[in-house]
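K.L.:
The structure that follows is given in the form of structure tokens.
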There are 2 protein chains.
Amino acid sequence: MEVLESLIQKNDSKILLVVLDGLGGLPVHNGKTELELAKTPNLDKLAKVSALGMHIPVDVGITPGSGPGHLGLFGYDPVKYQIGRGILEALGLGLKVGDTDIAVRGNFATVEYRNGTPIVIDRRAGRIPTEENKRIVENILSGLKEIEGVKVQIASGMEHRVAVVFSFPEPLEEGSDQVTDTDPQQVGKPPLDPKPKNPKAQKVAEVVKKFIQESANLLKSEKKANYLLLRGFSQKPKIPAMEERFGLKACCIAVYPMYKGLASLVGMEIVEVKGKSIKDQIQTLKSVWDKYDFFFLHIKKTDSYGEDGNFEGKISVIEEFDSCVPDLLDLRPSVLAITGDHSTPSLLKGHSWHPVPLLIYSPYVLGGTSDRFTERECLKGELGIIPAKKIINLLLANSLRLKKFGA
Amino acid sequence: MEVLESLIQKNDSKILLVVLDGLGGLPVHNGKTELELAKTPNLDKLAKVSALGMHIPVDVGITPGSGPGHLGLFGYDPVKYQIGRGILEALGLGLKVGDTDIAVRGNFATVEYRNGTPIVIDRRAGRIPTEENKRIVENILSGLKEIEGVKVQIASGMEHRVAVVFSFPEPLEEGSDQVTDTDPQQVGKPPLDPKPKNPKAQKVAEVVKKFIQESANLLKSEKKANYLLLRGFSQKPKIPAMEERFGLKACCIAVYPMYKGLASLVGMEIVEVKGKSIKDQIQTLKSVWDKYDFFFLHIKKTDSYGEDGNFEGKISVIEEFDSCVPDLLDLRPSVLAITGDHSTPSLLKGHSWHPVPLLIYSPYVLGGTSDRFTERECLKGELGIIPAKKIINLLLANSLRLKKFGA
């Protein structure tokens with residue numbers, strides 16, 4: 001057992017972790033970042049009396065995806081616990097992934113049958129519209145619910161993309177997901193057979209092969225999307241739940257499926273949000289405040305605008321969140337942390353490796369180091385630059401949920 | 001061998017490490033910490049020309065006991081070298097613990113004999129006064145000096161508490177201390193037998209069992225304190241001495257037994273202090289200045305007042321120490337480090353997880369980063385926030401006791 005886990009004690013404290021997705025930025029206008037340009041009177045006030053710092057999601061210079069970004073914030077080493085692509089895609093499309101499931105990314109392709117052999121002529125089925133994708137999944141593939149006792153769920157993604165989850169009736173050994181991709185990666189070739197890389201994956205490969213055949217039969221009359229290519233078979237990683245590791249009954253208040261999925265991987269309960277705005281999320285937070293110890297509030301749009309390179313949009317979400325800060329404080333959390341899962345500078349139009357601003361508010365901070373909650377002001381703070389996975393230590397310490405180490 | 005150890009070279013430099021126990025604090029008055037409220041003209045002057053920073057005793061968010069707090073400062077990984085409760089208790093009560101010793105915490109309890117079987121009716125013997133405890137240990141248990149060739153030492157603690165050290169004539173294997181506690185943890189039950197958790201602990205368990213029986217016989221006529229419950233059997237951990245690891249002939253100048261004990265664990269020589277004041281300690285330091293390379297000067301009262309929540313008391317000790325700084329500088333140490341083993345904010349009335357201010361004065365520092373020796377000013381310093389166990393690297397480097405790594 002790790003030192004941290006050996007020191008856990010329970011109490012009635014409430015820990016609120018707010019994740020503004022892709023929060024950190026770079027100068028976009030007059031040498032100022034999105035956080036610096038935003039008008040944030042409430043965050044400014046809070047920053048003056050909080051512990052500030054920066055966190056590094058995975059490692060110096062490493063740009064994280066959403067999976068590693070969030071696992072770190074939840075207290076899990078994102079290098080130790082890696083989440084397969086198939087799992088993330090399935091979670092992102094709202095599918096649930098259980099312990100005996102295999103998830104995989106897929107995409108519709110166009111094949112031509114030559115002497116009965118399918119030959120790929122378009123690996124992305126002409127990037128069919130998302131609506132087409134939905135029609136096919138809902139009307140045509142809906143007949144395919146089970147293969148040899150294994151339940152099958154398919155979810156439409158954007159354009160030609162799908163995710164598939166195979167739910168086995170029996171426990172799967174670790175390594176059962178070691179099945180080769182079926183995408184031949186070039187046109188003019190037949191799709192590859194899914195092959196087991198080890199004997200444990202034999203059964204999964206057989207089911208997948210049958211699934212591909214049956215789906216191809218159902219798709220035969222389609223002009224473009226008449227075949228499914230699958231890649232990234234993956235099992236749910238074995239992750240001890242937050243309650244088991246930290247003694248925290250945790251819940252997730254998120255709007256987008258991916259983040260609910262990530263939260264469920266560490267055992268958080270998913271609270272359904274009525275509506276989609278930050279206000280709606282906070283309303284939901286209030287309604288379950290008595291039921292949990294740890295609350296993960298996920299705000300998506302900072303990242304979305306960052307990805308679009310829309311710094312004004314990102315600023316407006318930061319300002320919208322700022323207006324909600326008093327509502328969060330009204331809940332009187334024992335510890336309030338505000339941060340991001342990674343930086344998404346509008347300048348880069350994508351996730352980045354930059355450290356992420358971090359604010360921790362509790363009765364037991366030094367404070368008084370900084371004037372605002374921005375990248376440059378956080379660098380002056382008392383927390384320094386720490387790995388994301390250590391944030392949980394601070395949340396537990398500030399909520400007095402850790403015993404002393406040694407006498 | 002670690003990189004550090006491979007680079008050690010000797011010279012005539014003198015390293016002085018001053019530990020103000022529990023030094024770091026949190027705002028207690030007008031938003032200021034104990035260090036900020038204290039008038040410290042000498043430390044202020046020194047801080048302006050020193051390397052400043054903070055250290056983290058064990059890990060982010062982890063509150064250390066005195067053992068891990070000091071081991072880190074001495075250059076030892078406090079997670080790798082863990083000191084058993086029994087050892088610390090014994091050291092704290094002034095018992096010496098050698099390589100073939102087993103130490104244990106104990107407390108007087110009240111038992112009632114039913115059909116000859118002792119039944120615990122008060123696990124703390126009514127919290128007898130410390131004077132009672134002393135009387136019993138000195139007058140009644142003093143008859144119990146040896147069990148089957150194993151020497152026994154008992155030391156009185158506060159109220160019902162004692163520490164016992166069993167000194168075996170022969171070397172003990174690692175794991176010989178794996179003996180179960182005898183406290184049944186509830187009244188109405190008989191004390192538990194000490195049982196070996198593995199075959200190596202067989203002999204120790206037998207001696208302990210006999211000790212408990214013989215002590216119970218001696219205590220029979222006592223009304224309250226008529227039985228000893230023992231818990232936390234522990235061996236001295238195998239720790240390479242500072243001289244072996246760092247080539248430093250080290251000594252300890254402390255008043256309280258616990259810190260002398262901790263210093264002795266890493267091979268420091270314990271210099272007896274005549275008197276108890278900081279001035280007395282510095283007088284002692286001067287008297288042995290020619291004899292050692294490394295001097296550990298431990299000042300206790302900052303922690304004691306912090307634990308009491310008495311911030312004014314803590315301030316007064318800081319100011320008393322400040323007045324002694326010129327005397328320390330008069331010794332012309334090659335390197336002077338001033339820090340704490342952990343923070344003890346008066347606000348928390350106990351040890352805490354907060355980083356601890358650190359000052360290193362030598363001819364080879366940058367300096368000029370900060371105006372005072374306080375938490376917030378140390379955050380601006382050139383050392384950043386470092387693990388305590390790395391401080392020894394800086395002490396060795398600044399005393400030019402490290403060769404270049406690689407060509």
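All residue names refer to the structure tokens as shown: chains lettered A, B, ... in order, residues numbered from 1 in each chain, ligands numbered from 1 in order.
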Give me the residues near range 112-114 of chain A as a short mmCIF file (atom, residue, chain, number, x, y, z; two decimals) with C-alpha atoms, in the first residue's frame, where near means some atom within 12 Å (using only C-alpha atoms) and where sequence neighbours in that chain fewer than 6 positions away do not count.
P.N.:
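Writing done, so here's out.cif:
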```cif
data_model
loop_
_atom_site.label_atom_id
_atom_site.label_comp_id
_atom_site.auth_asym_id
_atom_site.auth_seq_id
_atom_site.Cartn_x
_atom_site.Cartn_y
_atom_site.Cartn_z
CA VAL A 120 -11.57 -1.88 -49.47
CA ILE A 121 -12.01 0.96 -51.93
CA ASP A 122 -12.69 3.77 -49.41
CA ARG A 123 -11.53 3.39 -45.83
CA ALA A 125 -16.99 5.37 -46.74
CA VAL A 187 -7.27 0.69 -50.34
CA GLY A 188 -7.20 -2.17 -52.82
CA LYS A 189 -6.70 -4.73 -50.09
CA PRO A 190 -9.17 -6.92 -48.23
CA PRO A 191 -9.96 -6.08 -44.62
CA ALA A 216 -21.34 -7.00 -43.60
CA ASN A 217 -24.36 -9.08 -44.56
CA LYS A 220 -24.69 -5.27 -48.28
CA SER A 221 -27.39 -3.08 -49.78
CA GLU A 222 -25.69 0.15 -48.64
CA LYS A 223 -23.81 1.96 -51.39
CA LYS A 224 -21.10 3.61 -49.35
CA ALA A 225 -21.12 2.36 -45.77
CA ASN A 226 -21.16 -1.35 -46.53
CA TYR A 227 -18.42 -2.59 -44.20
#
```
K.L.:
Going by DSSP on the backbone, which residues of range 245-333 of chain A come out as helix (DSSP H, G or I)? List them as a ChimeraX atom specification.
P.N.:
/A:245-246,257-265,278-287,301-308,311-330
K.L.:
Got a sec: who's within 10 Å of range 161-171 of chain A, counting only C-alpha atoms, leaving out chain neighbours fewer than 6 positions off, as a ChimeraX atom specification?
P.N.:
/A:86-109,124-125,127-128,130,133-134,137,145-155,203-204,207-208,211,228-231,233-235
K.L.:
Fewer than 4 positions away in the same chain doesn't count, so skip those; otherwise give me all residues within 12 Å of Gly275 in chain B, counting only C-alpha atoms, as a PyMOL selection string.
P.N.:
chain B and resi 253-256+279-284
K.L.:
So that each row is one residue of chain A with an atom at most 8 Å from chain B, can you give its shortest atom pair and the distance in Å to one decimal, using only C-alpha atoms, rows by chain and rising number, as CSV?
P.N.:
```
residue,atom,partner,partner_atom,distance
A:Val3,CA,B:Val79,CA,7.7
A:Leu4,CA,B:Ile62,CA,7.5
A:Tyr364,CA,B:Leu26,CA,7.2
A:Val365,CA,B:Leu26,CA,6.8
A:Leu366,CA,B:Leu26,CA,5.4
A:Thr369,CA,B:Arg376,CA,6.8
A:Lys380,CA,B:Lys380,CA,7.5
A:Gly381,CA,B:Leu379,CA,7.6
A:Glu382,CA,B:Leu379,CA,6.6
A:Gly384,CA,B:Ile385,CA,6.6
A:Lys390,CA,B:Val60,CA,6.5
A:Asn393,CA,B:Gly61,CA,4.8
A:Leu394,CA,B:Gly61,CA,4.7
A:Leu395,CA,B:Gly61,CA,8.0
A:Leu396,CA,B:Gly61,CA,7.5
A:Ala397,CA,B:Gly61,CA,5.3
A:Asn398,CA,B:Gly61,CA,8.0
A:Leu402,CA,B:Ile62,CA,7.5
A:Lys403,CA,B:Thr63,CA,7.3
A:Lys404,CA,B:Thr63,CA,5.0
A:Phe405,CA,B:Pro64,CA,4.8
A:Gly406,CA,B:Gly65,CA,4.9
A:Ala407,CA,B:Gly65,CA,4.3
```
K.L.:
Can you work out the spacing between CA of Ser346 in chain A and CA of Lys48 in chain A in Å, to one decimal?
P.N.:
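Separation between CA of Ser346 in chain A and CA of Lys48 in chain A: 26.4 Å.
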K.L.:
Report the residues of range 53-155 of chain B whose backbone DSSP state falls under strand (DSSP E or B), written as a count of residues only.
P.N.:
33
K.L.:
For range 307-323 of chain B, work out the shell of residues within 9 Å, counting only C-alpha atoms and skipping chain neighbours fewer than 2 positions away, then give it as a ChimeraX atom specification.
P.N.:
/B:20,22-23,28,33-43,278-279,299,301-305,325-327,344-351
K.L.:
Print the selection's residues with N, CA and C atoms to a file, as a short mmCIF file (atom, residue, chain, number, x, y, z; two decimals), in the first residue's frame.
P.N.:
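Result went into again_25.cif, see below:
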```
data_model
loop_
_atom_site.label_atom_id
_atom_site.label_comp_id
_atom_site.auth_asym_id
_atom_site.auth_seq_id
_atom_site.Cartn_x
_atom_site.Cartn_y
_atom_site.Cartn_z
N LEU B 20 14.45 24.53 13.68
CA LEU B 20 13.46 25.12 14.58
C LEU B 20 12.22 24.23 14.41
N GLY B 22 8.92 22.42 13.91
CA GLY B 22 7.57 22.90 13.57
C GLY B 22 7.54 24.33 13.07
N LEU B 23 8.62 24.76 12.41
CA LEU B 23 8.79 26.19 12.08
C LEU B 23 7.66 26.82 11.27
N VAL B 28 -2.23 33.88 11.28
CA VAL B 28 -2.91 33.83 12.57
C VAL B 28 -3.44 35.19 13.02
N THR B 33 1.59 35.22 9.27
CA THR B 33 2.03 34.01 9.97
C THR B 33 2.92 34.39 11.15
N GLU B 34 3.25 33.39 11.94
CA GLU B 34 4.11 33.60 13.10
C GLU B 34 5.44 34.22 12.66
N LEU B 35 6.04 33.67 11.60
CA LEU B 35 7.32 34.20 11.11
C LEU B 35 7.17 35.63 10.62
N GLU B 36 6.02 35.95 10.03
CA GLU B 36 5.82 37.30 9.51
C GLU B 36 5.58 38.30 10.65
N LEU B 37 4.95 37.81 11.72
CA LEU B 37 4.67 38.70 12.85
C LEU B 37 5.90 38.91 13.73
N ALA B 38 6.80 37.96 13.72
CA ALA B 38 7.98 38.06 14.59
C ALA B 38 8.91 39.18 14.12
N LYS B 39 9.54 39.83 15.09
CA LYS B 39 10.55 40.84 14.74
C LYS B 39 11.89 40.12 14.66
N THR B 40 12.43 40.02 13.46
CA THR B 40 13.64 39.21 13.26
C THR B 40 14.68 39.96 12.46
N PRO B 41 15.26 41.02 13.04
CA PRO B 41 16.22 41.83 12.28
C PRO B 41 17.42 41.02 11.77
N ASN B 42 17.88 40.08 12.56
CA ASN B 42 19.06 39.32 12.15
C ASN B 42 18.75 38.33 11.03
N LEU B 43 17.61 37.65 11.17
CA LEU B 43 17.21 36.73 10.10
C LEU B 43 16.89 37.49 8.82
N ILE B 278 18.31 28.31 24.42
CA ILE B 278 18.98 28.34 23.12
C ILE B 278 20.42 28.83 23.32
N LYS B 279 20.59 29.81 24.19
CA LYS B 279 21.94 30.32 24.48
C LYS B 279 22.84 29.19 25.00
N ILE B 299 16.03 23.08 18.05
CA ILE B 299 15.32 23.99 18.96
C ILE B 299 13.85 23.58 19.01
N LYS B 301 11.04 24.54 21.12
CA LYS B 301 9.85 25.24 21.59
C LYS B 301 8.94 25.85 20.53
N THR B 302 9.48 26.11 19.32
CA THR B 302 8.60 26.59 18.25
C THR B 302 7.46 25.60 18.03
N ASP B 303 7.80 24.32 18.07
CA ASP B 303 6.79 23.28 17.89
C ASP B 303 5.86 23.20 19.08
N SER B 304 6.40 23.22 20.26
CA SER B 304 5.57 23.07 21.47
C SER B 304 4.48 24.15 21.51
N TYR B 305 4.88 25.41 21.26
CA TYR B 305 3.89 26.49 21.27
C TYR B 305 2.90 26.34 20.11
N VAL B 325 21.31 34.61 16.25
CA VAL B 325 21.88 34.41 14.91
C VAL B 325 23.31 34.96 14.80
N PRO B 326 23.59 36.16 15.36
CA PRO B 326 24.97 36.67 15.28
C PRO B 326 25.98 35.72 15.92
N ASP B 327 25.58 35.06 17.01
CA ASP B 327 26.49 34.11 17.65
C ASP B 327 26.80 32.94 16.72
N THR B 344 4.22 23.47 12.04
CA THR B 344 3.24 23.30 13.12
C THR B 344 2.50 24.62 13.26
N PRO B 345 1.54 24.88 12.38
CA PRO B 345 0.82 26.15 12.45
C PRO B 345 0.01 26.23 13.74
N SER B 346 0.11 27.34 14.44
CA SER B 346 -0.68 27.52 15.66
C SER B 346 -2.16 27.33 15.35
N LEU B 347 -2.54 27.73 14.13
CA LEU B 347 -3.93 27.60 13.69
C LEU B 347 -4.41 26.15 13.75
N LEU B 348 -3.55 25.22 13.45
CA LEU B 348 -3.95 23.81 13.40
C LEU B 348 -3.63 23.07 14.70
N LYS B 349 -2.89 23.72 15.59
CA LYS B 349 -2.50 23.08 16.85
C LYS B 349 -1.90 21.70 16.64
N GLY B 350 -1.11 21.56 15.62
CA GLY B 350 -0.50 20.26 15.37
C GLY B 350 0.40 20.34 14.16
N HIS B 351 1.14 19.27 13.94
CA HIS B 351 1.97 19.18 12.74
C HIS B 351 1.07 19.36 11.52
#
```
K.L.:
Quick one: residues within 8 Å of range 10-12 of chain B, only C-alpha atoms, excluding same-chain residues fewer than 3 positions away - as a CSV table (one decimal) with C-alpha atoms, in the first residue's frame?
P.N.:
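What landed in selection10.csv:
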```csv
chain,number,residue,atom,x,y,z
B,247,GLY,CA,31.7,11.4,5.0
B,293,ASP,CA,32.0,18.5,10.4
B,400,LEU,CA,32.3,22.0,-1.7
B,401,ARG,CA,32.2,18.4,-0.5
```
K.L.:
Which value, in Å to one decimal, gives the distance between CA of Gly367 in chain B and CA of Ala51 in chain B?
P.N.:
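CA of Ala51 in chain B lies 5.2 Å from CA of Gly367 in chain B.
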K.L.:
If you measure from CA of Asn115 in chain A to CA of Ile140 in chain A, what distance in Å do you get, rounded to one decimal?
P.N.:
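Interatomic distance here is 25.0 Å.
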K.L.:
Mind checking which residues fall within 12 Å of Leu331 in chain A, counting only C-alpha atoms, ignoring those fewer than 6 positions away in the same chain, and posting them as a list in words?
P.N.:
Ser13, Lys14, Ile15, Leu16, Ile282, Gln283, Leu285, Lys286, Ser287, Val288, Trp289, Asp290, Phe295, Cys324 and Val325 of chain A
K.L.:
Any chance you can output those residues with C-alpha atoms as an mmCIF file, in the first residue's frame?
P.N.:
```cif
data_model
loop_
_atom_site.group_PDB
_atom_site.id
_atom_site.type_symbol
_atom_site.label_atom_id
_atom_site.label_comp_id
_atom_site.auth_asym_id
_atom_site.auth_seq_id
_atom_site.Cartn_x
_atom_site.Cartn_y
_atom_site.Cartn_z
ATOM 1 C CA SER A 13 -15.886 17.152 4.879
ATOM 2 C CA LYS A 14 -16.920 17.964 1.325
ATOM 3 C CA ILE A 15 -14.373 18.277 -1.482
ATOM 4 C CA LEU A 16 -15.379 20.087 -4.664
ATOM 5 C CA ILE A 282 -24.496 23.830 -10.272
ATOM 6 C CA GLN A 283 -28.214 23.364 -9.623
ATOM 7 C CA LEU A 285 -24.582 19.874 -7.646
ATOM 8 C CA LYS A 286 -26.708 21.534 -4.967
ATOM 9 C CA SER A 287 -29.371 18.855 -5.220
ATOM 10 C CA VAL A 288 -26.910 16.068 -4.325
ATOM 11 C CA TRP A 289 -24.648 18.029 -1.949
ATOM 12 C CA ASP A 290 -25.678 15.926 1.053
ATOM 13 C CA PHE A 295 -17.788 16.250 -6.294
ATOM 14 C CA CYS A 324 -21.057 31.135 -10.748
ATOM 15 C CA VAL A 325 -18.233 31.117 -8.191
#
```
